[in-house]
$ cat protein01.tsv   # TSV, C-alpha atoms and all ligand atoms
chain	number	residue	atom	x	y	z
A	1	MET	CA	84.28	137.53	125.14
A	2	LYS	CA	81.25	135.28	124.54
A	3	ILE	CA	82.15	131.64	123.82
A	4	VAL	CA	79.88	128.84	122.59
A	5	LEU	CA	81.20	125.35	123.32
A	6	PHE	CA	79.64	122.34	121.58
A	7	GLY	CA	80.10	118.87	123.09
A	8	LYS	CA	80.29	119.87	126.75
A	9	ASN	CA	79.94	116.30	128.06
A	10	GLY	CA	82.65	114.70	125.93
A	11	GLN	CA	86.23	114.03	127.02
A	12	LEU	CA	87.54	117.28	125.54
A	13	GLY	CA	84.38	119.33	126.08
A	14	TRP	CA	84.29	118.52	129.79
A	15	GLU	CA	87.83	119.81	130.22
A	16	PHE	CA	87.04	122.89	128.15
A	17	GLN	CA	84.09	123.79	130.34
A	18	ARG	CA	86.40	124.28	133.30
A	19	ILE	CA	89.22	126.04	131.46
A	20	LEU	CA	87.31	128.40	129.17
A	21	ALA	CA	85.64	130.22	132.06
A	22	LYS	CA	88.97	132.08	132.44
A	23	LEU	CA	88.65	133.49	128.92
A	24	GLY	CA	85.09	134.77	128.99
A	25	GLU	CA	81.39	133.98	129.28
A	26	VAL	CA	80.91	130.33	128.29
A	27	ILE	CA	77.67	128.90	126.93
A	28	ALA	CA	78.33	125.18	126.99
A	29	LEU	CA	75.96	122.98	125.01
A	30	GLY	CA	75.45	119.22	125.11
A	31	ARG	CA	73.14	116.85	123.28
A	32	ASN	CA	70.23	117.71	125.60
A	33	ASP	CA	70.57	121.41	124.79
A	34	LEU	CA	70.98	120.96	121.04
A	35	ASP	CA	71.03	117.84	118.86
A	36	LEU	CA	73.64	118.54	116.21
A	37	SER	CA	71.78	116.46	113.65
A	38	ASP	CA	69.36	119.41	113.53
A	39	LEU	CA	71.40	121.70	111.28
A	40	ARG	CA	68.78	124.44	111.34
A	41	ALA	CA	68.96	124.51	115.16
A	42	ILE	CA	72.73	125.09	114.96
A	43	GLN	CA	72.12	128.12	112.71
A	44	THR	CA	69.36	129.52	114.94
A	45	THR	CA	71.26	128.99	118.18
A	46	LEU	CA	74.46	130.60	116.93
A	47	GLY	CA	72.48	133.38	115.24
A	48	ASP	CA	70.71	134.17	118.53
A	49	LEU	CA	73.81	133.92	120.75
A	50	LYS	CA	76.23	135.77	118.43
A	51	PRO	CA	79.40	134.44	120.09
A	52	HIS	CA	82.89	135.84	119.43
A	53	LEU	CA	84.36	132.34	119.61
A	54	ILE	CA	82.86	128.93	118.72
A	55	ILE	CA	84.61	125.77	119.87
A	56	ASN	CA	83.41	122.44	118.51
A	57	ALA	CA	84.48	119.63	120.84
A	58	SER	CA	81.58	117.42	119.73
A	59	ALA	CA	81.80	114.61	117.21
A	60	TYR	CA	80.42	111.20	116.32
A	61	THR	CA	83.39	109.26	117.74
A	62	ASP	CA	82.27	105.61	117.75
A	63	VAL	CA	84.65	104.44	115.02
A	64	ASP	CA	83.15	100.93	114.69
A	65	LEU	CA	79.48	101.94	114.90
A	66	ALA	CA	80.07	104.60	112.24
A	67	GLU	CA	80.46	101.77	109.70
A	68	SER	CA	76.74	100.97	110.10
A	69	GLU	CA	75.51	104.50	110.99
A	70	VAL	CA	77.08	106.23	108.03
A	71	GLU	CA	74.39	108.89	107.63
A	72	THR	CA	74.49	109.97	111.27
A	73	ALA	CA	78.30	110.05	111.32
A	74	MET	CA	78.31	112.19	108.18
A	75	ARG	CA	75.69	114.59	109.55
A	76	ILE	CA	77.54	115.18	112.85
A	77	ASN	CA	81.13	115.06	111.57
A	78	ALA	CA	80.80	116.52	108.08
A	79	LEU	CA	77.64	118.67	107.81
A	80	ALA	CA	77.33	120.17	111.32
A	81	PRO	CA	80.91	121.58	111.38
A	82	GLY	CA	80.32	123.09	107.94
A	83	VAL	CA	77.23	124.91	109.25
A	84	MET	CA	79.18	126.09	112.31
A	85	ALA	CA	81.97	127.45	110.09
A	86	GLU	CA	79.48	129.22	107.84
A	87	MET	CA	77.75	130.80	110.84
A	88	ALA	CA	81.13	131.84	112.28
A	89	ARG	CA	81.95	133.57	109.00
A	90	LYS	CA	78.58	135.37	108.92
A	91	LEU	CA	78.91	136.48	112.55
A	92	GLY	CA	82.59	137.43	112.36
A	93	SER	CA	83.44	134.80	115.01
A	94	VAL	CA	86.49	132.61	115.42
A	95	PHE	CA	85.85	128.88	114.91
A	96	ILE	CA	87.97	126.14	116.50
A	97	HIS	CA	87.32	122.55	115.38
A	98	TYR	CA	89.02	119.20	116.03
A	99	SER	CA	89.78	116.51	113.51
A	100	THR	CA	91.64	113.23	113.59
A	101	ASP	CA	94.75	111.23	112.70
A	102	TYR	CA	92.31	108.77	111.07
A	103	VAL	CA	92.25	110.98	107.95
A	104	PHE	CA	95.51	109.16	107.10
A	105	ASP	CA	95.88	105.58	105.86
A	106	GLY	CA	98.78	104.74	108.19
A	107	LYS	CA	101.16	103.58	105.49
A	108	SER	CA	103.84	106.15	106.39
A	109	ASP	CA	106.69	105.43	108.79
A	110	MET	CA	107.29	109.11	109.59
A	111	PRO	CA	104.91	111.28	111.68
A	112	TYR	CA	102.36	112.90	109.39
A	113	THR	CA	102.58	116.62	108.63
A	114	GLU	CA	99.71	118.82	107.52
A	115	ASN	CA	101.04	118.58	103.93
A	116	ASP	CA	100.84	114.81	103.74
A	117	GLN	CA	98.30	113.07	101.55
A	118	VAL	CA	95.04	112.11	103.31
A	119	ASN	CA	93.35	108.80	102.58
A	120	PRO	CA	90.95	107.70	105.34
A	121	LEU	CA	90.36	103.96	105.70
A	122	ASN	CA	87.04	104.03	107.55
A	123	THR	CA	83.71	105.92	107.66
A	124	TYR	CA	84.68	107.91	110.76
A	125	GLY	CA	87.87	109.13	109.05
A	126	LYS	CA	85.97	109.92	105.84
A	127	SER	CA	83.29	111.85	107.72
A	128	LYS	CA	85.90	113.88	109.65
A	129	LEU	CA	87.77	114.63	106.41
A	130	MET	CA	84.53	115.86	104.81
A	131	GLY	CA	84.06	118.07	107.88
A	132	GLU	CA	87.52	119.55	107.26
A	133	GLU	CA	86.66	120.20	103.61
A	134	ASN	CA	83.31	121.81	104.48
A	135	ILE	CA	84.99	124.11	107.01
A	136	ARG	CA	87.71	125.09	104.55
A	137	GLU	CA	85.07	125.95	102.00
A	138	ALA	CA	82.78	127.95	104.30
A	139	GLY	CA	85.16	129.22	106.95
A	140	ASP	CA	87.12	132.40	107.48
A	141	ALA	CA	88.87	132.75	110.86
A	142	TYR	CA	89.07	129.03	111.66
A	143	LEU	CA	91.52	126.44	112.93
A	144	ILE	CA	91.15	122.72	112.32
A	145	LEU	CA	93.21	120.98	114.99
A	146	ARG	CA	93.89	117.35	114.10
A	147	THR	CA	94.59	115.30	117.17
A	148	SER	CA	95.04	111.66	118.04
A	149	TRP	CA	94.23	108.97	120.67
A	150	VAL	CA	92.40	111.38	122.99
A	151	TYR	CA	91.90	110.07	126.51
A	152	SER	CA	90.52	111.41	129.73
A	153	LEU	CA	90.88	110.10	133.26
A	154	ARG	CA	87.12	109.81	133.69
A	155	GLY	CA	84.46	107.75	131.95
A	156	ASN	CA	85.01	104.95	129.48
A	157	SER	CA	88.43	106.06	128.16
A	158	PHE	CA	91.26	103.70	127.08
A	159	VAL	CA	93.07	104.51	130.34
A	160	ASN	CA	90.11	103.48	132.50
A	161	LYS	CA	89.44	100.43	130.35
A	162	VAL	CA	93.03	99.17	130.81
A	163	LEU	CA	92.83	99.81	134.57
A	164	GLY	CA	89.54	97.88	134.71
A	165	TRP	CA	90.83	94.92	132.62
A	166	ALA	CA	93.93	94.71	134.86
A	167	ARG	CA	91.70	94.20	137.90
A	168	LYS	CA	89.79	91.29	136.32
A	169	ASN	CA	92.31	89.41	134.13
A	170	GLU	CA	95.70	87.79	134.70
A	171	THR	CA	96.60	88.24	131.02
A	172	LEU	CA	95.92	91.27	128.86
A	173	ARG	CA	96.30	91.15	125.08
A	174	ILE	CA	96.94	94.62	123.64
A	175	VAL	CA	97.69	95.53	120.03
A	176	SER	CA	101.30	96.49	119.43
A	177	ASP	CA	101.17	97.40	115.73
A	178	GLN	CA	99.06	100.57	116.08
A	179	ILE	CA	101.27	103.60	116.67
A	180	SER	CA	100.26	107.18	117.43
A	181	ASN	CA	100.39	109.96	120.04
A	182	PRO	CA	98.22	109.54	123.17
A	183	THR	CA	96.73	112.96	123.97
A	184	TRP	CA	95.28	113.89	127.35
A	185	ALA	CA	92.02	115.79	126.83
A	186	ARG	CA	93.00	118.26	129.56
A	187	MET	CA	96.33	119.04	127.87
A	188	LEU	CA	94.51	119.59	124.57
A	189	ALA	CA	91.96	121.95	126.15
A	190	GLU	CA	94.73	123.78	128.02
A	191	ILE	CA	97.04	124.26	125.04
A	192	THR	CA	94.14	125.45	122.89
A	193	SER	CA	93.09	127.92	125.59
A	194	LEU	CA	96.66	129.12	126.04
A	195	MET	CA	96.94	129.71	122.31
A	196	LEU	CA	93.63	131.63	122.37
A	197	ALA	CA	94.63	133.67	125.44
A	198	ARG	CA	97.92	134.66	123.81
A	199	THR	CA	96.22	135.79	120.64
A	200	SER	CA	93.21	137.32	122.43
A	201	PRO	CA	94.03	141.02	121.95
A	202	ASN	CA	93.60	140.43	118.19
A	203	LEU	CA	91.95	137.04	118.26
A	204	PHE	CA	89.93	137.32	115.05
A	205	GLU	CA	92.72	138.88	112.95
A	206	THR	CA	95.39	136.49	114.26
A	207	ILE	CA	93.34	133.35	113.67
A	208	ARG	CA	92.25	134.63	110.28
A	209	GLU	CA	95.88	135.18	109.29
A	210	SER	CA	96.95	131.74	110.61
A	211	HIS	CA	93.78	129.88	109.56
A	212	GLY	CA	94.06	126.28	108.40
A	213	ILE	CA	94.93	122.81	109.61
A	214	TYR	CA	97.34	122.08	112.46
A	215	HIS	CA	98.40	118.86	114.16
A	216	VAL	CA	98.14	119.04	117.97
A	217	ALA	CA	98.79	115.94	120.07
A	218	GLY	CA	100.92	114.60	122.90
A	219	SER	CA	104.57	114.80	121.90
A	220	GLY	CA	106.28	111.54	120.93
A	221	GLN	CA	104.74	108.32	119.68
A	222	THR	CA	104.00	104.87	121.04
A	223	SER	CA	102.03	101.68	120.47
A	224	ARG	CA	98.82	100.82	122.28
A	225	TYR	CA	100.75	97.99	123.95
A	226	GLU	CA	103.47	100.33	125.35
A	227	TRP	CA	100.81	102.86	126.34
A	228	ALA	CA	98.90	100.18	128.29
A	229	LYS	CA	102.11	99.17	130.08
A	230	GLN	CA	102.70	102.77	131.14
A	231	ILE	CA	99.09	103.13	132.30
A	232	LEU	CA	99.54	100.12	134.56
A	233	ALA	CA	102.93	101.35	135.83
A	234	ASN	CA	101.38	104.71	136.77
A	235	ASP	CA	98.30	103.17	138.44
A	236	PRO	CA	98.10	104.79	141.90
A	237	TYR	CA	96.29	101.64	143.19
A	238	ARG	CA	98.61	99.00	141.71
A	239	SER	CA	97.93	96.56	144.54
A	240	GLU	CA	94.39	96.12	143.14
A	241	GLN	CA	95.78	94.74	139.85
A	242	VAL	CA	95.59	90.98	139.29
A	243	VAL	CA	97.24	91.11	135.87
A	244	ARG	CA	100.47	89.05	135.46
A	245	HIS	CA	101.19	89.20	131.70
A	246	ILE	CA	100.63	91.80	129.02
A	247	GLU	CA	100.84	90.16	125.61
A	248	PRO	CA	101.52	92.20	122.46
A	249	VAL	CA	99.17	91.14	119.65
A	250	PHE	CA	98.50	92.26	116.08
A	251	SER	CA	95.45	94.28	115.00
A	252	LYS	CA	94.48	91.42	112.66
A	253	ASP	CA	93.93	89.26	115.77
A	254	PHE	CA	91.18	91.68	116.89
A	255	PRO	CA	88.89	92.00	113.86
A	256	ALA	CA	86.65	95.07	114.19
A	257	PRO	CA	84.05	96.58	111.85
A	258	ALA	CA	86.31	99.58	111.09
A	259	VAL	CA	89.84	99.25	109.71
A	260	ARG	CA	92.29	101.48	111.61
A	261	PRO	CA	95.48	103.03	110.26
A	262	LEU	CA	98.51	101.27	111.76
A	263	PHE	CA	100.82	104.27	111.92
A	264	SER	CA	99.08	107.59	112.53
A	265	ALA	CA	101.53	109.60	114.64
A	266	LEU	CA	101.28	113.34	114.02
A	267	ASP	CA	104.11	115.82	113.54
A	268	CYS	CA	102.97	118.88	115.52
A	269	SER	CA	105.86	121.23	114.77
A	270	ARG	CA	103.75	123.60	112.65
A	271	PHE	CA	101.43	124.34	115.60
A	272	GLU	CA	104.39	124.78	117.97
A	273	ALA	CA	106.24	127.13	115.62
A	274	THR	CA	103.19	129.20	114.64
A	275	PHE	CA	101.89	129.79	118.15
A	276	GLY	CA	105.17	129.65	120.10
A	277	LEU	CA	103.98	126.77	122.30
A	278	ARG	CA	105.51	123.44	123.28
A	279	LEU	CA	103.47	120.25	123.40
A	280	PRO	CA	104.44	118.14	126.42
A	281	GLY	CA	105.52	114.51	126.02
A	282	TRP	CA	102.63	112.03	126.06
A	283	SER	CA	104.32	109.93	128.74
A	284	ASP	CA	104.99	112.87	131.11
A	285	THR	CA	101.40	114.02	130.70
A	286	LEU	CA	100.06	110.54	131.45
A	287	GLN	CA	102.17	110.36	134.59
A	288	LEU	CA	101.03	113.80	135.75
A	289	GLY	CA	97.37	113.07	135.06
A	290	MET	CA	97.37	109.70	136.82
A	291	ALA	CA	99.11	111.13	139.88
A	292	GLU	CA	96.22	113.54	140.55
A	301	LIG	N1	88.74	110.13	121.14
A	301	LIG	C1	89.77	110.03	120.33
A	301	LIG	O1	90.60	109.10	120.44
A	301	LIG	C2	90.01	111.05	119.24
A	301	LIG	C3	91.09	110.87	118.36
A	301	LIG	C4	91.30	111.83	117.36
A	301	LIG	C5	90.46	112.92	117.25
A	301	LIG	N2	89.42	113.05	118.09
A	301	LIG	C6	88.54	114.23	117.92
A	301	LIG	O2	88.67	115.03	119.08
A	301	LIG	C7	87.41	115.69	119.35
A	301	LIG	C8	87.00	115.40	120.79
A	301	LIG	O3	86.84	113.99	120.94
A	301	LIG	P1	86.37	113.34	122.33
A	301	LIG	O4	87.17	112.11	122.52
A	301	LIG	O5	86.34	114.38	123.40
A	301	LIG	O6	84.90	112.92	121.94
A	301	LIG	P2	83.75	112.32	122.88
A	301	LIG	O7	84.25	112.13	124.27
A	301	LIG	O8	83.16	111.15	122.17
A	301	LIG	O9	82.70	113.50	122.92
A	301	LIG	C9	81.95	113.84	121.79
A	301	LIG	C10	80.74	114.62	122.26
A	301	LIG	O10	79.94	114.91	121.11
A	301	LIG	C11	78.60	114.78	121.50
A	301	LIG	N3	77.69	114.44	120.41
A	301	LIG	C12	77.75	113.38	119.57
A	301	LIG	N4	76.68	113.36	118.76
A	301	LIG	C13	75.92	114.46	119.09
A	301	LIG	C14	74.71	115.00	118.63
A	301	LIG	N5	73.98	114.42	117.65
A	301	LIG	N6	74.24	116.14	119.20
A	301	LIG	C15	74.92	116.74	120.20
A	301	LIG	N7	76.08	116.27	120.70
A	301	LIG	C16	76.57	115.15	120.14
A	301	LIG	C17	78.57	113.62	122.49
A	301	LIG	O11	77.41	113.75	123.26
A	301	LIG	P3	76.94	112.60	124.30
A	301	LIG	O12	77.89	112.77	125.46
A	301	LIG	O13	75.56	112.94	124.59
A	301	LIG	O14	77.12	111.31	123.55
A	301	LIG	C18	79.87	113.84	123.25
A	301	LIG	O15	79.65	114.61	124.42
A	301	LIG	C19	86.45	115.16	118.29
A	301	LIG	O16	86.42	116.06	117.21
A	301	LIG	C20	87.07	113.86	117.82
A	301	LIG	O17	86.70	113.53	116.51
A	301	LIG	C21	89.16	112.16	119.10

$ encode --input "protein01.tsv" --output "structure tokens" --more "lines below"
Ligand SMILES: NC(=O)c1ccc[n+]([C@@H]2O[C@H](COP(=O)([O-])OP(=O)(O)OC[C@H]3O[C@@H](n4cnc5c(N)ncnc54)[C@H](OP(=O)(O)O)[C@@H]3O)[C@@H](O)[C@H]2O)c1
Amino acid sequence: MKIVLFGKNGQLGWEFQRILAKLGEVIALGRNDLDLSDLRAIQTTLGDLKPHLIINASAYTDVDLAESEVETAMRINALAPGVMAEMARKLGSVFIHYSTDYVFDGKSDMPYTENDQVNPLNTYGKSKLMGEENIREAGDAYLILRTSWVYSLRGNSFVNKVLGWARKNETLRIVSDQISNPTWARMLAEITSLMLARTSPNLFETIRESHGIYHVAGSGQTSRYEWAKQILANDPYRSEQVVRHIEPVFSKDFPAPAVRPLFSALDCSRFEATFGLRLPGWSDTLQLGMAE
């Protein structure tokens, strides 16, 4: 099987690069190989490579900057995935794409299902929702996997930020009124690959039959404040921490260019039931990842 992976240097894409090699020949592309704002280049590249499977782990993910770079966010998050889906349909390839909990407005108090009303509050959420719509219009054998609070244990992730702050500050102030499901990028890449491996004898037909939107995230829900506390509790080098107090604060105390939904936890039971897989608890996954 020939696989094209977009976004190889991102949190999710980096994990995918290692895992997908078990499924087939992987052509992993980053910004230096192909700038996704060049829609024609996406068509040409996919047309030349003719992959069986296209995985889009790339996105414009700077939620605050998107408020001032609307056109770029729209091109990468809305137009580029539409072109990928159209090419996948023309080539008879399977297309896997990721979307976000930020398509919701956060006014619910129950985890969101795929049938719930979308109403994004910020440009990032709007651009990702347009991406979903473009894929649904152009696509054939596609899955849109909405996920939430993706972190990795490398780079500038929330986990590493909290660990860094705890080494420099005696008091940390972390928002306690934003609730969702922290999702380890490795778990997300692994569960996607497992789902693909299971369906691989009839990959195209199976994905075509089950095409649509699914929620896929770490099981359970928490606040950023509780998440930060668990990150610090699982820190393998706790003696380096100077932090004494972790203060819960409200989002309104941290004004940012983009408004975030307060409650955006995802109900992932449709994915679990359709593909016969179980999503591990966010807290267990965090503990496992940080122990490595
Ligand atoms: N992070 C979250 O909390 C979160 C939450 C919900 C959903 N999601 C979704 O989950 C998926 C994976 O997210 P992630 O956290 O792994 O994202 P990420 O770490 O920000 O990675 C995104 C990748 O896209 C690449 N990219 C951006 N603009 C590009 C362009 N013009 N041309 C080529 N490549 C470009 C980036 O390249 P560079 O490395 O060169 O910048 C980066 O490697 C995305 O669809 C995202 O929307 C993420």

$ closest_residue --input "protein01.tsv" --among "A:Ser264, A:Asn169, A:Asn134, A:Gln43" --to "ligand LIG 301 (chain A)" --atoms "all atoms listed in the file"
A:Ser264

$ residues_near_ligand --input "protein01.tsv" --ligand "ligand LIG 301 (chain A)" --cutoff "7 Å" --atoms "only C-alpha atoms and all ligand atoms" --output "PyMOL selection string"
chain A and resi 7-13+30-31+34-37+57-61+76+97-101+128+146-151+185

$ closest_residue --input "protein01.tsv" --among "A:Leu194, A:Val243, A:Leu153, A:Ala258" --to "Leu172 in chain A" --atoms "all atoms listed in the file"
A:Val243

$ atom_distance --input "protein01.tsv" --atom1 "CA of Phe16 in chain A" --atom2 "CA of Thr192 in chain A"
9.2 Å

$ residues_near_point --input "protein01.tsv" --point "(96.7, 92.6, 135.4)" --cutoff "9 Å" --atoms "only C-alpha atoms" --output "ChimeraX atom specification"
/A:162-172,232,240-246

$ closest_residue --input "protein01.tsv" --among "A:Ala291, A:Arg186, A:Ala217, A:Asp116" --to "Tyr237 in chain A" --atoms "all atoms listed in the file"
A:Ala291

$ atom_distance --input "protein01.tsv" --atom1 "CA of Gly139 in chain A" --atom2 "CA of Lys22 in chain A"
25.9 Å

$ residues_near_point --input "protein01.tsv" --point "(97.0, 103.7, 120.8)" --cutoff "7 Å" --atoms "all atoms listed in the file" --output "PyMOL selection string"
chain A and resi 149+178-180+182+223-224+227

$ closest_residue --input "protein01.tsv" --among "A:Ala73, A:Ala66, A:Leu286, A:Leu53" --to "Leu23 in chain A" --atoms "all atoms listed in the file"
A:Leu53

$ closest_residue --input "protein01.tsv" --among "A:Pro261, A:Trp282, A:Lys252, A:Ile96" --to "Leu203 in chain A" --atoms "all atoms listed in the file"
A:Ile96

$ closest_residue --input "protein01.tsv" --among "A:Asn234, A:Ser176, A:Ser210, A:Ser68" --to "Pro248 in chain A" --atoms "only C-alpha atoms"
A:Ser176

$ atom_distance --input "protein01.tsv" --atom1 "CA of Gly155 in chain A" --atom2 "CA of Ala21 in chain A"
22.5 Å

$ residues_around --input "protein01.tsv" --residues "Ile3 in chain A" --least-positions-apart "6" --cutoff "10 Å" --atoms "all atoms listed in the file" --output "MDAnalysis selection string"
chainID A and resid 20:21 23:28 49:55 93:94

$ decode --input "protein01.tsv" --residues "range 243-270 of chain A" --atoms "N, CA and C atoms" --output "mmCIF file, in the first residue's frame"
data_model
loop_
_atom_site.group_PDB
_atom_site.id
_atom_site.type_symbol
_atom_site.label_atom_id
_atom_site.label_comp_id
_atom_site.auth_asym_id
_atom_site.auth_seq_id
_atom_site.Cartn_x
_atom_site.Cartn_y
_atom_site.Cartn_z
ATOM 1 N N VAL A 243 7.574 25.085 41.615
ATOM 2 C CA VAL A 243 6.197 25.535 41.807
ATOM 3 C C VAL A 243 5.654 25.082 43.180
ATOM 4 N N ARG A 244 4.915 26.019 43.845
ATOM 5 C CA ARG A 244 4.328 25.705 45.169
ATOM 6 C C ARG A 244 2.793 25.677 45.093
ATOM 7 N N HIS A 245 2.214 26.584 44.261
ATOM 8 C CA HIS A 245 0.756 26.694 44.183
ATOM 9 C C HIS A 245 0.315 26.649 42.730
ATOM 10 N N ILE A 246 -0.794 25.938 42.513
ATOM 11 C CA ILE A 246 -1.429 25.994 41.182
ATOM 12 C C ILE A 246 -2.808 26.572 41.412
ATOM 13 N N GLU A 247 -3.023 27.765 40.849
ATOM 14 C CA GLU A 247 -4.283 28.495 41.093
ATOM 15 C C GLU A 247 -5.247 28.295 39.934
ATOM 16 N N PRO A 248 -6.478 27.858 40.207
ATOM 17 C CA PRO A 248 -7.466 27.805 39.124
ATOM 18 C C PRO A 248 -7.949 29.222 38.799
ATOM 19 N N VAL A 249 -8.003 29.550 37.520
ATOM 20 C CA VAL A 249 -8.501 30.880 37.121
ATOM 21 C C VAL A 249 -9.513 30.709 35.986
ATOM 22 N N PHE A 250 -10.251 31.780 35.708
ATOM 23 C CA PHE A 250 -11.256 31.736 34.645
ATOM 24 C C PHE A 250 -10.657 32.212 33.322
ATOM 25 N N SER A 251 -11.207 31.688 32.224
ATOM 26 C CA SER A 251 -10.726 32.086 30.890
ATOM 27 C C SER A 251 -10.780 33.603 30.714
ATOM 28 N N LYS A 252 -11.803 34.239 31.315
ATOM 29 C CA LYS A 252 -11.938 35.698 31.132
ATOM 30 C C LYS A 252 -10.764 36.458 31.763
ATOM 31 N N ASP A 253 -10.018 35.794 32.655
ATOM 32 C CA ASP A 253 -8.835 36.436 33.250
ATOM 33 C C ASP A 253 -7.629 36.392 32.313
ATOM 34 N N PHE A 254 -7.733 35.587 31.239
ATOM 35 C CA PHE A 254 -6.646 35.477 30.256
ATOM 36 C C PHE A 254 -7.167 35.876 28.887
ATOM 37 N N PRO A 255 -7.444 37.165 28.669
ATOM 38 C CA PRO A 255 -8.014 37.536 27.363
ATOM 39 C C PRO A 255 -7.060 37.161 26.223
ATOM 40 N N ALA A 256 -7.618 36.549 25.192
ATOM 41 C CA ALA A 256 -6.817 36.127 24.029
ATOM 42 C C ALA A 256 -7.564 36.566 22.779
ATOM 43 N N PRO A 257 -6.847 36.704 21.646
ATOM 44 C CA PRO A 257 -7.542 37.145 20.429
ATOM 45 C C PRO A 257 -8.707 36.239 20.037
ATOM 46 N N ALA A 258 -8.566 34.927 20.247
ATOM 47 C CA ALA A 258 -9.640 33.998 19.832
ATOM 48 C C ALA A 258 -10.442 33.546 21.049
ATOM 49 N N VAL A 259 -11.764 33.580 20.914
ATOM 50 C CA VAL A 259 -12.649 33.046 21.961
ATOM 51 C C VAL A 259 -12.634 31.522 21.849
ATOM 52 N N ARG A 260 -12.504 30.834 22.977
ATOM 53 C CA ARG A 260 -12.534 29.363 22.972
ATOM 54 C C ARG A 260 -13.830 28.847 23.578
ATOM 55 N N PRO A 261 -14.307 27.707 23.075
ATOM 56 C CA PRO A 261 -15.499 27.118 23.706
ATOM 57 C C PRO A 261 -15.122 26.639 25.107
ATOM 58 N N LEU A 262 -16.028 26.824 26.076
ATOM 59 C CA LEU A 262 -15.688 26.405 27.447
ATOM 60 C C LEU A 262 -15.798 24.897 27.605
ATOM 61 N N PHE A 263 -16.869 24.313 27.095
ATOM 62 C CA PHE A 263 -17.038 22.865 27.232
ATOM 63 C C PHE A 263 -17.009 22.237 25.840
ATOM 64 N N SER A 264 -15.958 21.484 25.539
ATOM 65 C CA SER A 264 -15.887 20.904 24.186
ATOM 66 C C SER A 264 -15.497 19.428 24.232
ATOM 67 N N ALA A 265 -15.883 18.748 25.326
ATOM 68 C CA ALA A 265 -15.583 17.312 25.408
ATOM 69 C C ALA A 265 -16.343 16.564 24.315
ATOM 70 N N LEU A 266 -15.719 15.520 23.788
ATOM 71 C CA LEU A 266 -16.292 14.767 22.673
ATOM 72 C C LEU A 266 -16.737 13.382 23.131
ATOM 73 N N ASP A 267 -17.912 12.984 22.691
ATOM 74 C CA ASP A 267 -18.411 11.626 22.909
ATOM 75 C C ASP A 267 -17.913 10.778 21.734
ATOM 76 N N CYS A 268 -17.077 9.792 22.022
ATOM 77 C CA CYS A 268 -16.410 9.038 20.948
ATOM 78 C C CYS A 268 -17.022 7.656 20.732
ATOM 79 N N SER A 269 -18.225 7.442 21.252
ATOM 80 C CA SER A 269 -18.774 6.084 21.202
ATOM 81 C C SER A 269 -19.080 5.616 19.769
ATOM 82 N N ARG A 270 -19.351 6.533 18.877
ATOM 83 C CA ARG A 270 -19.644 6.103 17.492
ATOM 84 C C ARG A 270 -18.401 5.458 16.856
#
